[in-house]
Amino acid sequence: MRRHLKRRNVVLAVLLFVGGLYFSHRSDILMAGPTRSPEPIPNDLTWQAERLVSKESWVEQGDYVPLNVSYQLLAGAPSTQQRFLSVGLSSVKRKKGSYLVPTLHSLFSQSSPEERSSMVVVVLLADFDVSWRVATVVEIKTAFASELEQGQLVVLHIPQEWYPPVTGLKRNYNDAPERVMFRSKQNLDYSFLIHYCAGLARYYLQLEDDVSSAKNFFTTIKRRVEEQEAAKTTWATLEFSALGYIGKLYKSPQLPLLARFLFLFYQEMPCDWLMSHFRELMTQKKTILFKPSLFQHMGTFSSFQGIYNKLKDKDFEEGVYANCPAEVYSDMSTYQKHVPRLAWDAGEGFFWGRSPEKGNHLTVVFKEPTVVSGVFVETGSGGKDLLESAEVQLGRDVVTAEKEKSCREFQSVGAIANGKFEMQELDRKFSSASSCLRVQVTGAQKDWVIIQKIRISTKTSTSPRQV
């Protein structure tokens with residue numbers, strides 16, 4: 001075992017040494033200037049961009065293993081003041097569809113002015129088609145003039161001469177040469193993008209160019225980071241989506257290491273696999289994945305050869321979690337630790353009960369009377385343990401019996417169908433405040449039942465009366 005570990009360490013040392021020689025060679029090129037003729041680019045489109053170097057990382061404190069690359073700034077300019085969050089995404093020309101502008105629109109529209117002022121979005125236009133870049137920059141400048149002016153959006157490009165070879169590479173996993181070239185180039189794109197973002201903010205969020213964002217995702221991320229820091233958890237990556245390289249959060253001091261790691265092993269495997277190896281090398285053995293997911297894949301066609309891609313994150317919730325403080329009760333037999341309130345709370349927990357009888361219930365009692373404008377109930381998992389027959393009700397007048405609370409009167413809102421219930425604009429019918437929400441079983445079933453989530457949207461009550 002020790003001999004195997006020693007052999008692996010020797011191999012890694014050799015790879016790092018070779019990588020260091022390559023970086024040193026690139027450093028000489030940077031000092032002398034590139035020897036190849038640069039691609040012709042309109043003068044009004046680009047100018048050289050300087051990185052904001054962060055001295056928090058030991059790699060950059062002494063300029064160890066230098067990763068030198070020339071950036072061209074196509075639009076916007078980052079603030080010299082470090083922000084809380086930088087968001088990086090790389091985009092190339094697609095054969096079918098384009099999702100970059102909708103992705104940017106989702107990021108900014110789902111953030112408050114205060115949230116936008118604490119983050120910067122960095123877009124790397126990584127395609128070498130100059131006409132596509134010019135057209136894309138014009139579109140971005142038209143749609144996001146304010147964000148560019150306020151330093152909330154930066155658009156970059158890296159000339160092709162700074163890339164190592166992406167053709168004729170070894171075919172790991174028996175991938176087709178086209179696939180190897182695509183994923184290897186993508187690793188390099190991410191490496192250069194992450195390298196640029198290292199000094200911009202305290203934390204870095206990796207996204208793709210075809211995602212939609214949850215409402216106030218920034219605030220949720222900040223809260224999760226604060227929770228991890230308060231618990232003094234050792235972490236390298238926090239994940240806010242289970243998909244690919246979407247929603248992965250890193251600490252800024254570790255970005256120079258991550259950039260070099262992706263660069264050194266760019267031809268070995270896809271970026272999300274490398275990301276997992278990096279996390280483990282940084283001594284975080286287990287994935288830290290938060291639910292509900294904050295980002296959803298929106299693209300229909302992949303950036304690789306326009307292949308149809310229907311990948312979706314089943315744990316994504318677009319709206320902000322708005323459930324009010326409440327107590328949750330149920331007379332259904334609970335399985336292990338899957339208690340009733342897990343269906344009400346944010347997160348990945350759920351209620352799991354044994355075979356319900358007619359009349360069984362799960363009742364949510366609000367801490368304060370609340371005007372409910374929308375209700376969403378989801379049951380089951382993978383098509384199993386669905387709640388087959390039940391009714392959703394709103395109640396008034398809180399009463400206490402045998403140490404449990406409920407309401408004196410209930411009115412039906414509607415019936416669960418196919419394991420789900422969703423209704424909006426309830427305040428048109430129930431315009432005054434409610435004190436309870438109840439899911440009542442209307443027919444016995446042999447199967448157990450999982451209630452994944454109960455979510456409500458609310459409005460401020462204008463009347464102290466309860467309905």
# chains A, B, ... in the order shown; residues from 1 in each chain; ligands from 1
$ select_by_dssp --residues "range 184-359 of chain A" --states "alpha helix (DSSP H)" --output "ChimeraX atom specification"
/A:184-197,217-230,255-264,271-281
$ residues_around --residues "range 438-455 of chain A" --least-positions-apart "4" --cutoff "6 Å" --atoms "only C-alpha atoms" --output "MDAnalysis selection string"
chainID A and resid 343:344 350:363 375:380 385:387 389:393
$ write_last_selection --atoms "N, CA, C and O atoms" --output "short mmCIF file (atom, residue, chain, number, x, y, z; two decimals), in the first residue's frame"
data_model
loop_
_atom_site.label_atom_id
_atom_site.label_comp_id
_atom_site.auth_asym_id
_atom_site.auth_seq_id
_atom_site.Cartn_x
_atom_site.Cartn_y
_atom_site.Cartn_z
N ALA A 343 -41.43 18.45 5.84
CA ALA A 343 -42.15 18.80 4.62
C ALA A 343 -42.37 20.30 4.51
O ALA A 343 -42.56 20.84 3.41
N TRP A 344 -42.33 21.00 5.64
CA TRP A 344 -42.58 22.44 5.69
C TRP A 344 -41.29 23.25 5.60
O TRP A 344 -41.25 24.31 4.98
N PHE A 350 -37.93 15.43 4.17
CA PHE A 350 -39.31 15.17 3.79
C PHE A 350 -39.99 14.34 4.88
O PHE A 350 -39.33 13.68 5.69
N PHE A 351 -41.31 14.38 4.89
CA PHE A 351 -42.09 13.56 5.82
C PHE A 351 -42.35 12.20 5.18
O PHE A 351 -42.74 12.11 4.01
N TRP A 352 -42.16 11.16 5.97
CA TRP A 352 -42.40 9.79 5.48
C TRP A 352 -43.25 9.07 6.50
O TRP A 352 -42.82 8.85 7.65
N GLY A 353 -44.46 8.72 6.10
CA GLY A 353 -45.39 8.08 7.02
C GLY A 353 -45.84 6.72 6.53
O GLY A 353 -45.88 6.45 5.32
N ARG A 354 -46.19 5.87 7.49
CA ARG A 354 -46.70 4.54 7.15
C ARG A 354 -48.13 4.66 6.63
O ARG A 354 -48.76 5.70 6.74
N SER A 355 -48.65 3.58 6.08
CA SER A 355 -49.94 3.54 5.38
C SER A 355 -51.01 4.41 6.05
O SER A 355 -51.46 4.08 7.15
N PRO A 356 -51.41 5.50 5.42
CA PRO A 356 -52.38 6.40 6.05
C PRO A 356 -53.80 5.85 5.97
O PRO A 356 -54.16 5.15 5.02
N GLU A 357 -54.60 6.18 6.98
CA GLU A 357 -56.02 5.85 7.02
C GLU A 357 -56.85 7.09 6.67
O GLU A 357 -56.38 8.22 6.78
N LYS A 358 -58.08 6.85 6.28
CA LYS A 358 -58.99 7.96 6.00
C LYS A 358 -59.15 8.81 7.26
O LYS A 358 -59.38 8.29 8.35
N GLY A 359 -59.02 10.11 7.12
CA GLY A 359 -59.13 11.02 8.25
C GLY A 359 -57.80 11.45 8.83
O GLY A 359 -57.73 12.43 9.57
N ASN A 360 -56.71 10.70 8.50
CA ASN A 360 -55.38 11.14 8.95
C ASN A 360 -55.05 12.51 8.35
O ASN A 360 -55.61 12.90 7.32
N HIS A 361 -54.14 13.21 8.98
CA HIS A 361 -53.85 14.58 8.53
C HIS A 361 -52.41 14.96 8.80
O HIS A 361 -51.72 14.35 9.65
N LEU A 362 -51.96 15.98 8.10
CA LEU A 362 -50.76 16.75 8.44
C LEU A 362 -51.21 18.20 8.49
O LEU A 362 -51.70 18.74 7.49
N THR A 363 -51.05 18.81 9.66
CA THR A 363 -51.59 20.16 9.88
C THR A 363 -50.47 21.12 10.22
O THR A 363 -49.63 20.86 11.10
N VAL A 375 -50.51 27.84 -2.80
CA VAL A 375 -50.15 26.61 -2.10
C VAL A 375 -49.60 25.61 -3.11
O VAL A 375 -50.15 25.44 -4.20
N PHE A 376 -48.49 24.95 -2.73
CA PHE A 376 -47.93 23.88 -3.54
C PHE A 376 -47.61 22.70 -2.63
O PHE A 376 -46.92 22.86 -1.61
N VAL A 377 -48.12 21.53 -2.96
CA VAL A 377 -47.87 20.30 -2.20
C VAL A 377 -47.36 19.24 -3.17
O VAL A 377 -47.97 18.99 -4.20
N GLU A 378 -46.23 18.62 -2.83
CA GLU A 378 -45.66 17.55 -3.66
C GLU A 378 -45.45 16.32 -2.81
O GLU A 378 -44.85 16.40 -1.73
N THR A 379 -45.94 15.16 -3.28
CA THR A 379 -45.78 13.92 -2.54
C THR A 379 -45.10 12.88 -3.42
O THR A 379 -45.02 13.01 -4.64
N GLY A 380 -44.62 11.81 -2.77
CA GLY A 380 -44.02 10.70 -3.48
C GLY A 380 -42.56 10.92 -3.84
O GLY A 380 -42.01 12.01 -3.69
N ASP A 385 -44.89 5.91 -3.28
CA ASP A 385 -45.29 6.54 -2.01
C ASP A 385 -46.03 7.86 -2.22
O ASP A 385 -45.85 8.82 -1.47
N LEU A 386 -46.85 7.90 -3.27
CA LEU A 386 -47.69 9.07 -3.52
C LEU A 386 -48.87 9.09 -2.56
O LEU A 386 -49.37 8.04 -2.15
N LEU A 387 -49.32 10.27 -2.20
CA LEU A 387 -50.56 10.42 -1.46
C LEU A 387 -51.69 10.36 -2.48
O LEU A 387 -51.86 11.26 -3.30
N SER A 389 -55.17 10.01 -2.20
CA SER A 389 -56.48 10.67 -2.03
C SER A 389 -56.42 11.59 -0.82
O SER A 389 -56.34 11.12 0.32
N ALA A 390 -56.43 12.88 -1.07
CA ALA A 390 -56.33 13.84 0.03
C ALA A 390 -56.86 15.19 -0.40
O ALA A 390 -57.00 15.47 -1.60
N GLU A 391 -57.12 16.03 0.58
CA GLU A 391 -57.67 17.36 0.35
C GLU A 391 -56.82 18.39 1.06
O GLU A 391 -56.32 18.15 2.16
N VAL A 392 -56.63 19.54 0.43
CA VAL A 392 -55.91 20.66 1.04
C VAL A 392 -56.92 21.66 1.57
O VAL A 392 -57.86 22.03 0.86
N GLN A 393 -56.72 22.09 2.83
CA GLN A 393 -57.69 22.96 3.49
C GLN A 393 -57.00 24.11 4.21
O GLN A 393 -55.84 24.00 4.62
#
$ select_by_dssp --residues "range 40-218 of chain A" --states "strand (DSSP E)" --output "number ranges by chain"
A: 47-49, 71-75, 83-91, 119-125, 153-157, 201-206, 211-213
$ write_last_selection --atoms "C-alpha atoms" --output "PDB file, in the first residue's frame"
ATOM      1  CA  TRP A  47      -8.381  46.203 -25.085  1.00  0.00           C
ATOM      2  CA  GLN A  48      -5.968  44.471 -22.740  1.00  0.00           C
ATOM      3  CA  ALA A  49      -7.295  43.577 -19.286  1.00  0.00           C
ATOM      4  CA  TYR A  71      -6.953  38.727 -21.467  1.00  0.00           C
ATOM      5  CA  GLN A  72      -8.881  40.973 -23.821  1.00  0.00           C
ATOM      6  CA  LEU A  73     -11.590  43.069 -22.198  1.00  0.00           C
ATOM      7  CA  LEU A  74     -14.587  43.272 -24.526  1.00  0.00           C
ATOM      8  CA  ALA A  75     -17.086  45.115 -22.314  1.00  0.00           C
ATOM      9  CA  ARG A  83     -17.006  42.135  -3.673  1.00  0.00           C
ATOM     10  CA  PHE A  84     -18.634  39.219  -1.898  1.00  0.00           C
ATOM     11  CA  LEU A  85     -19.338  37.043  -4.947  1.00  0.00           C
ATOM     12  CA  SER A  86     -17.986  36.688  -8.459  1.00  0.00           C
ATOM     13  CA  VAL A  87     -19.982  34.577 -10.903  1.00  0.00           C
ATOM     14  CA  GLY A  88     -18.121  33.046 -13.827  1.00  0.00           C
ATOM     15  CA  LEU A  89     -19.505  31.516 -17.001  1.00  0.00           C
ATOM     16  CA  SER A  90     -17.948  30.620 -20.325  1.00  0.00           C
ATOM     17  CA  SER A  91     -19.814  30.749 -23.631  1.00  0.00           C
ATOM     18  CA  MET A 119     -21.443  40.634  -6.947  1.00  0.00           C
ATOM     19  CA  VAL A 120     -19.788  40.740 -10.346  1.00  0.00           C
ATOM     20  CA  VAL A 121     -20.611  38.449 -13.280  1.00  0.00           C
ATOM     21  CA  VAL A 122     -17.677  37.576 -15.559  1.00  0.00           C
ATOM     22  CA  VAL A 123     -18.431  36.176 -19.020  1.00  0.00           C
ATOM     23  CA  LEU A 124     -15.679  34.572 -21.073  1.00  0.00           C
ATOM     24  CA  LEU A 125     -16.538  34.544 -24.775  1.00  0.00           C
ATOM     25  CA  LEU A 153     -20.749  42.630 -15.566  1.00  0.00           C
ATOM     26  CA  VAL A 154     -17.451  42.028 -17.358  1.00  0.00           C
ATOM     27  CA  VAL A 155     -16.963  40.365 -20.759  1.00  0.00           C
ATOM     28  CA  LEU A 156     -13.608  38.814 -21.691  1.00  0.00           C
ATOM     29  CA  HIS A 157     -11.871  36.900 -24.471  1.00  0.00           C
ATOM     30  CA  ALA A 201     -14.488  38.658  -4.710  1.00  0.00           C
ATOM     31  CA  ARG A 202     -14.368  36.619  -1.522  1.00  0.00           C
ATOM     32  CA  TYR A 203     -16.179  33.687  -3.155  1.00  0.00           C
ATOM     33  CA  TYR A 204     -16.527  32.391  -6.701  1.00  0.00           C
ATOM     34  CA  LEU A 205     -19.588  30.723  -8.224  1.00  0.00           C
ATOM     35  CA  GLN A 206     -19.211  28.589 -11.364  1.00  0.00           C
ATOM     36  CA  VAL A 211     -29.170  28.265 -16.665  1.00  0.00           C
ATOM     37  CA  SER A 212     -31.978  30.061 -14.876  1.00  0.00           C
ATOM     38  CA  SER A 213     -31.636  31.277 -11.296  1.00  0.00           C
TER      39      SER A 213
END
$ residues_around --residues "Phe192 in chain A" --least-positions-apart "3" --cutoff "9 Å" --atoms "only C-alpha atoms" --output "ChimeraX atom specification"
/A:67,69,71,124,158,187-189,195-197,259-260,263
$ write_last_selection --atoms "all heavy atoms" --output "compact mmCIF listing (two decimals), in the first residue's frame"
# COMPACT_ATOMS: atom_id res chain seq x y z
N LEU A 67 0.84 31.06 -14.01
CA LEU A 67 -0.09 30.77 -15.10
C LEU A 67 -0.32 32.10 -15.81
O LEU A 67 -1.14 32.91 -15.39
CB LEU A 67 -1.41 30.22 -14.54
CG LEU A 67 -2.51 29.91 -15.57
CD1 LEU A 67 -2.03 28.94 -16.63
CD2 LEU A 67 -3.75 29.35 -14.87
N VAL A 69 -1.39 34.46 -18.94
CA VAL A 69 -2.30 34.48 -20.07
C VAL A 69 -2.72 35.92 -20.30
O VAL A 69 -2.81 36.73 -19.37
CB VAL A 69 -3.53 33.59 -19.80
CG1 VAL A 69 -4.26 34.02 -18.55
CG2 VAL A 69 -4.46 33.55 -20.99
N TYR A 71 -5.50 38.57 -21.37
CA TYR A 71 -6.95 38.73 -21.47
C TYR A 71 -7.30 39.97 -22.29
O TYR A 71 -6.64 40.99 -22.19
CB TYR A 71 -7.57 38.88 -20.07
CG TYR A 71 -7.43 37.67 -19.19
CD1 TYR A 71 -6.31 37.51 -18.39
CD2 TYR A 71 -8.42 36.70 -19.16
CE1 TYR A 71 -6.17 36.39 -17.57
CE2 TYR A 71 -8.30 35.59 -18.35
CZ TYR A 71 -7.17 35.43 -17.56
OH TYR A 71 -7.04 34.34 -16.77
N LEU A 124 -16.78 34.83 -20.14
CA LEU A 124 -15.68 34.57 -21.07
C LEU A 124 -16.28 34.12 -22.40
O LEU A 124 -16.89 33.05 -22.48
CB LEU A 124 -14.74 33.49 -20.52
CG LEU A 124 -13.64 33.01 -21.48
CD1 LEU A 124 -12.69 34.16 -21.82
CD2 LEU A 124 -12.89 31.83 -20.89
N ILE A 158 -9.97 35.41 -24.69
CA ILE A 158 -8.56 35.02 -24.64
C ILE A 158 -8.15 34.56 -26.04
O ILE A 158 -8.77 33.64 -26.59
CB ILE A 158 -8.33 33.89 -23.62
CG1 ILE A 158 -8.74 34.36 -22.22
CG2 ILE A 158 -6.88 33.44 -23.62
CD1 ILE A 158 -8.91 33.25 -21.23
N ASN A 187 -12.09 22.70 -20.37
CA ASN A 187 -11.28 22.76 -19.15
C ASN A 187 -10.35 23.98 -19.16
O ASN A 187 -10.16 24.65 -18.14
CB ASN A 187 -10.45 21.49 -19.00
CG ASN A 187 -11.28 20.31 -18.52
OD1 ASN A 187 -12.30 20.48 -17.87
ND2 ASN A 187 -10.83 19.11 -18.85
N LEU A 188 -9.75 24.25 -20.31
CA LEU A 188 -8.87 25.40 -20.43
C LEU A 188 -9.65 26.71 -20.29
O LEU A 188 -9.18 27.66 -19.65
CB LEU A 188 -8.13 25.35 -21.77
CG LEU A 188 -7.17 24.18 -21.94
CD1 LEU A 188 -6.72 24.06 -23.39
CD2 LEU A 188 -5.97 24.32 -21.00
N ASP A 189 -10.83 26.76 -20.90
CA ASP A 189 -11.68 27.95 -20.76
C ASP A 189 -11.95 28.25 -19.28
O ASP A 189 -11.81 29.38 -18.81
CB ASP A 189 -13.01 27.76 -21.48
CG ASP A 189 -12.84 27.64 -22.99
OD1 ASP A 189 -11.81 28.09 -23.52
OD2 ASP A 189 -13.76 27.08 -23.62
N HIS A 195 -8.89 31.78 -13.16
CA HIS A 195 -7.66 32.51 -12.89
C HIS A 195 -7.92 34.02 -12.86
O HIS A 195 -7.41 34.74 -11.99
CB HIS A 195 -6.64 32.17 -13.97
CG HIS A 195 -5.30 32.82 -13.82
ND1 HIS A 195 -4.52 32.67 -12.70
CD2 HIS A 195 -4.59 33.62 -14.67
CE1 HIS A 195 -3.40 33.35 -12.85
NE2 HIS A 195 -3.42 33.94 -14.03
N TYR A 196 -8.71 34.51 -13.80
CA TYR A 196 -9.01 35.94 -13.86
C TYR A 196 -9.84 36.38 -12.64
O TYR A 196 -9.65 37.48 -12.11
CB TYR A 196 -9.78 36.27 -15.14
CG TYR A 196 -10.17 37.72 -15.26
CD1 TYR A 196 -9.26 38.66 -15.75
CD2 TYR A 196 -11.42 38.17 -14.85
CE1 TYR A 196 -9.59 40.00 -15.84
CE2 TYR A 196 -11.76 39.51 -14.94
CZ TYR A 196 -10.85 40.42 -15.43
OH TYR A 196 -11.19 41.74 -15.51
N CYS A 197 -10.75 35.53 -12.18
CA CYS A 197 -11.70 35.92 -11.12
C CYS A 197 -11.12 35.82 -9.72
O CYS A 197 -11.79 36.23 -8.75
CB CYS A 197 -12.95 35.03 -11.20
SG CYS A 197 -13.98 35.32 -12.65
N ALA A 259 -7.43 26.79 -10.80
CA ALA A 259 -7.12 27.15 -12.19
C ALA A 259 -5.95 26.33 -12.71
O ALA A 259 -5.99 25.82 -13.84
CB ALA A 259 -6.81 28.65 -12.27
N ARG A 260 -4.92 26.17 -11.92
CA ARG A 260 -3.76 25.41 -12.34
C ARG A 260 -4.06 23.91 -12.41
O ARG A 260 -3.53 23.20 -13.27
CB ARG A 260 -2.59 25.68 -11.39
CG ARG A 260 -1.98 27.06 -11.62
CD ARG A 260 -1.28 27.60 -10.38
NE ARG A 260 -0.63 28.87 -10.66
CZ ARG A 260 -1.26 30.04 -10.69
NH1 ARG A 260 -2.58 30.10 -10.47
NH2 ARG A 260 -0.60 31.16 -10.94
N PHE A 263 -5.80 23.30 -15.59
CA PHE A 263 -4.86 23.46 -16.70
C PHE A 263 -3.94 22.23 -16.83
O PHE A 263 -3.72 21.72 -17.93
CB PHE A 263 -4.03 24.72 -16.49
CG PHE A 263 -3.21 25.13 -17.68
CD1 PHE A 263 -3.65 26.11 -18.54
CD2 PHE A 263 -2.00 24.51 -17.95
CE1 PHE A 263 -2.89 26.49 -19.65
CE2 PHE A 263 -1.24 24.87 -19.05
CZ PHE A 263 -1.69 25.85 -19.90
$ atom_distance --atom1 "CA of Pro253 in chain A" --atom2 "CA of Phe295 in chain A"
24.3 Å
$ closest_residue --among "A:Leu104, A:Ser252, A:Thr370, A:Phe128" --to "Glu60 in chain A" --atoms "only C-alpha atoms"
A:Ser252
$ closest_residue --among "A:Cys271, A:Gln152, A:Lys222, A:Thr237" --to "Lys185 in chain A" --atoms "only C-alpha atoms"
A:Cys271
$ residues_around --residues "range 223-225 of chain A" --least-positions-apart "4" --cutoff "12 Å" --atoms "only C-alpha atoms" --output "ChimeraX atom specification"
/A:84-85,202-204,216-219,229-240,249-251,288-291,294,347
$ residues_around --residues "Val372 in chain A" --least-positions-apart "4" --cutoff "9 Å" --atoms "only C-alpha atoms" --output "JSON list (two decimals) with N, CA and C atoms, in the first residue's frame"
[["chain", "number", "residue", "atom", "x", "y", "z"],
["A", 394, "LEU", "N", -57.70, 25.23, 4.33],
["A", 394, "LEU", "CA", -57.28, 26.36, 5.16],
["A", 394, "LEU", "C", -58.22, 26.48, 6.35],
["A", 425, "GLU", "N", -53.40, 32.56, -6.44],
["A", 425, "GLU", "CA", -54.45, 33.59, -6.30],
["A", 425, "GLU", "C", -55.55, 33.15, -5.34],
["A", 426, "LEU", "N", -55.16, 32.42, -4.32],
["A", 426, "LEU", "CA", -56.14, 31.99, -3.31],
["A", 426, "LEU", "C", -56.70, 33.18, -2.54],
["A", 427, "ASP", "N", -55.93, 34.26, -2.45],
["A", 427, "ASP", "CA", -56.38, 35.42, -1.68],
["A", 427, "ASP", "C", -57.60, 36.08, -2.29],
["A", 430, "PHE", "N", -59.98, 33.64, -0.35],
["A", 430, "PHE", "CA", -59.71, 33.70, 1.09],
["A", 430, "PHE", "C", -58.92, 34.98, 1.36],
["A", 431, "SER", "N", -59.60, 36.10, 1.37],
["A", 431, "SER", "CA", -58.93, 37.40, 1.42],
["A", 431, "SER", "C", -58.44, 37.78, 2.81],
["A", 432, "SER", "N", -58.97, 37.14, 3.83],
["A", 432, "SER", "CA", -58.52, 37.41, 5.20],
["A", 432, "SER", "C", -57.50, 36.36, 5.63],
["A", 433, "ALA", "N", -56.95, 36.56, 6.80],
["A", 433, "ALA", "CA", -55.85, 35.72, 7.25],
["A", 433, "ALA", "C", -56.31, 34.34, 7.70],
["A", 434, "SER", "N", -55.52, 33.33, 7.37],
["A", 434, "SER", "CA", -55.73, 31.96, 7.83],
["A", 434, "SER", "C", -54.74, 31.64, 8.94],
["A", 456, "ILE", "N", -45.96, 27.68, 0.57],
["A", 456, "ILE", "CA", -47.01, 28.68, 0.41],
["A", 456, "ILE", "C", -46.39, 30.01, 0.01],
["A", 457, "SER", "N", -47.17, 30.83, -0.67],
["A", 457, "SER", "CA", -46.84, 32.24, -0.87],
["A", 457, "SER", "C", -47.88, 33.04, -0.11],
["A", 458, "THR", "N", -47.50, 34.20, 0.39],
["A", 458, "THR", "CA", -48.36, 34.95, 1.30],
["A", 458, "THR", "C", -48.47, 36.41, 0.91],
["A", 459, "LYS", "N", -49.47, 37.06, 1.46],
["A", 459, "LYS", "CA", -49.64, 38.50, 1.35],
["A", 459, "LYS", "C", -49.92, 39.06, 2.74],
["A", 460, "THR", "N", -49.52, 40.31, 2.95],
["A", 460, "THR", "CA", -49.74, 40.95, 4.26],
["A", 460, "THR", "C", -51.23, 41.13, 4.48]]
$ decode --residues "range 105-118 of chain A" --atoms "N, CA and C atoms" --output "short mmCIF file (atom, residue, chain, number, x, y, z; two decimals), in the first residue's frame"
data_model
loop_
_atom_site.label_atom_id
_atom_site.label_comp_id
_atom_site.auth_asym_id
_atom_site.auth_seq_id
_atom_site.Cartn_x
_atom_site.Cartn_y
_atom_site.Cartn_z
N HIS A 105 -29.88 37.64 -17.94
CA HIS A 105 -31.10 38.32 -17.51
C HIS A 105 -31.66 37.66 -16.25
N SER A 106 -31.62 36.35 -16.17
CA SER A 106 -32.10 35.64 -14.99
C SER A 106 -31.25 35.98 -13.77
N LEU A 107 -29.93 35.99 -13.94
CA LEU A 107 -29.04 36.31 -12.82
C LEU A 107 -29.34 37.68 -12.22
N PHE A 108 -29.51 38.68 -13.08
CA PHE A 108 -29.71 40.04 -12.59
C PHE A 108 -31.15 40.29 -12.14
N SER A 109 -32.12 39.76 -12.87
CA SER A 109 -33.53 40.02 -12.51
C SER A 109 -33.94 39.29 -11.24
N GLN A 110 -33.25 38.21 -10.91
CA GLN A 110 -33.58 37.47 -9.70
C GLN A 110 -32.80 37.97 -8.49
N SER A 111 -32.10 39.09 -8.65
CA SER A 111 -31.31 39.68 -7.57
C SER A 111 -31.80 41.09 -7.29
N SER A 112 -31.80 41.46 -6.02
CA SER A 112 -32.18 42.82 -5.63
C SER A 112 -31.04 43.79 -5.94
N PRO A 113 -31.29 45.10 -5.96
CA PRO A 113 -30.21 46.07 -6.18
C PRO A 113 -29.06 45.90 -5.18
N GLU A 114 -29.39 45.61 -3.93
CA GLU A 114 -28.35 45.40 -2.92
C GLU A 114 -27.52 44.16 -3.24
N GLU A 115 -28.18 43.11 -3.69
CA GLU A 115 -27.45 41.89 -4.04
C GLU A 115 -26.55 42.11 -5.25
N ARG A 116 -27.06 42.81 -6.26
CA ARG A 116 -26.26 43.07 -7.46
C ARG A 116 -25.03 43.90 -7.15
N SER A 117 -25.13 44.79 -6.18
CA SER A 117 -23.99 45.64 -5.84
C SER A 117 -22.88 44.87 -5.13
N SER A 118 -23.18 43.66 -4.67
CA SER A 118 -22.19 42.85 -3.96
C SER A 118 -21.65 41.70 -4.80
#
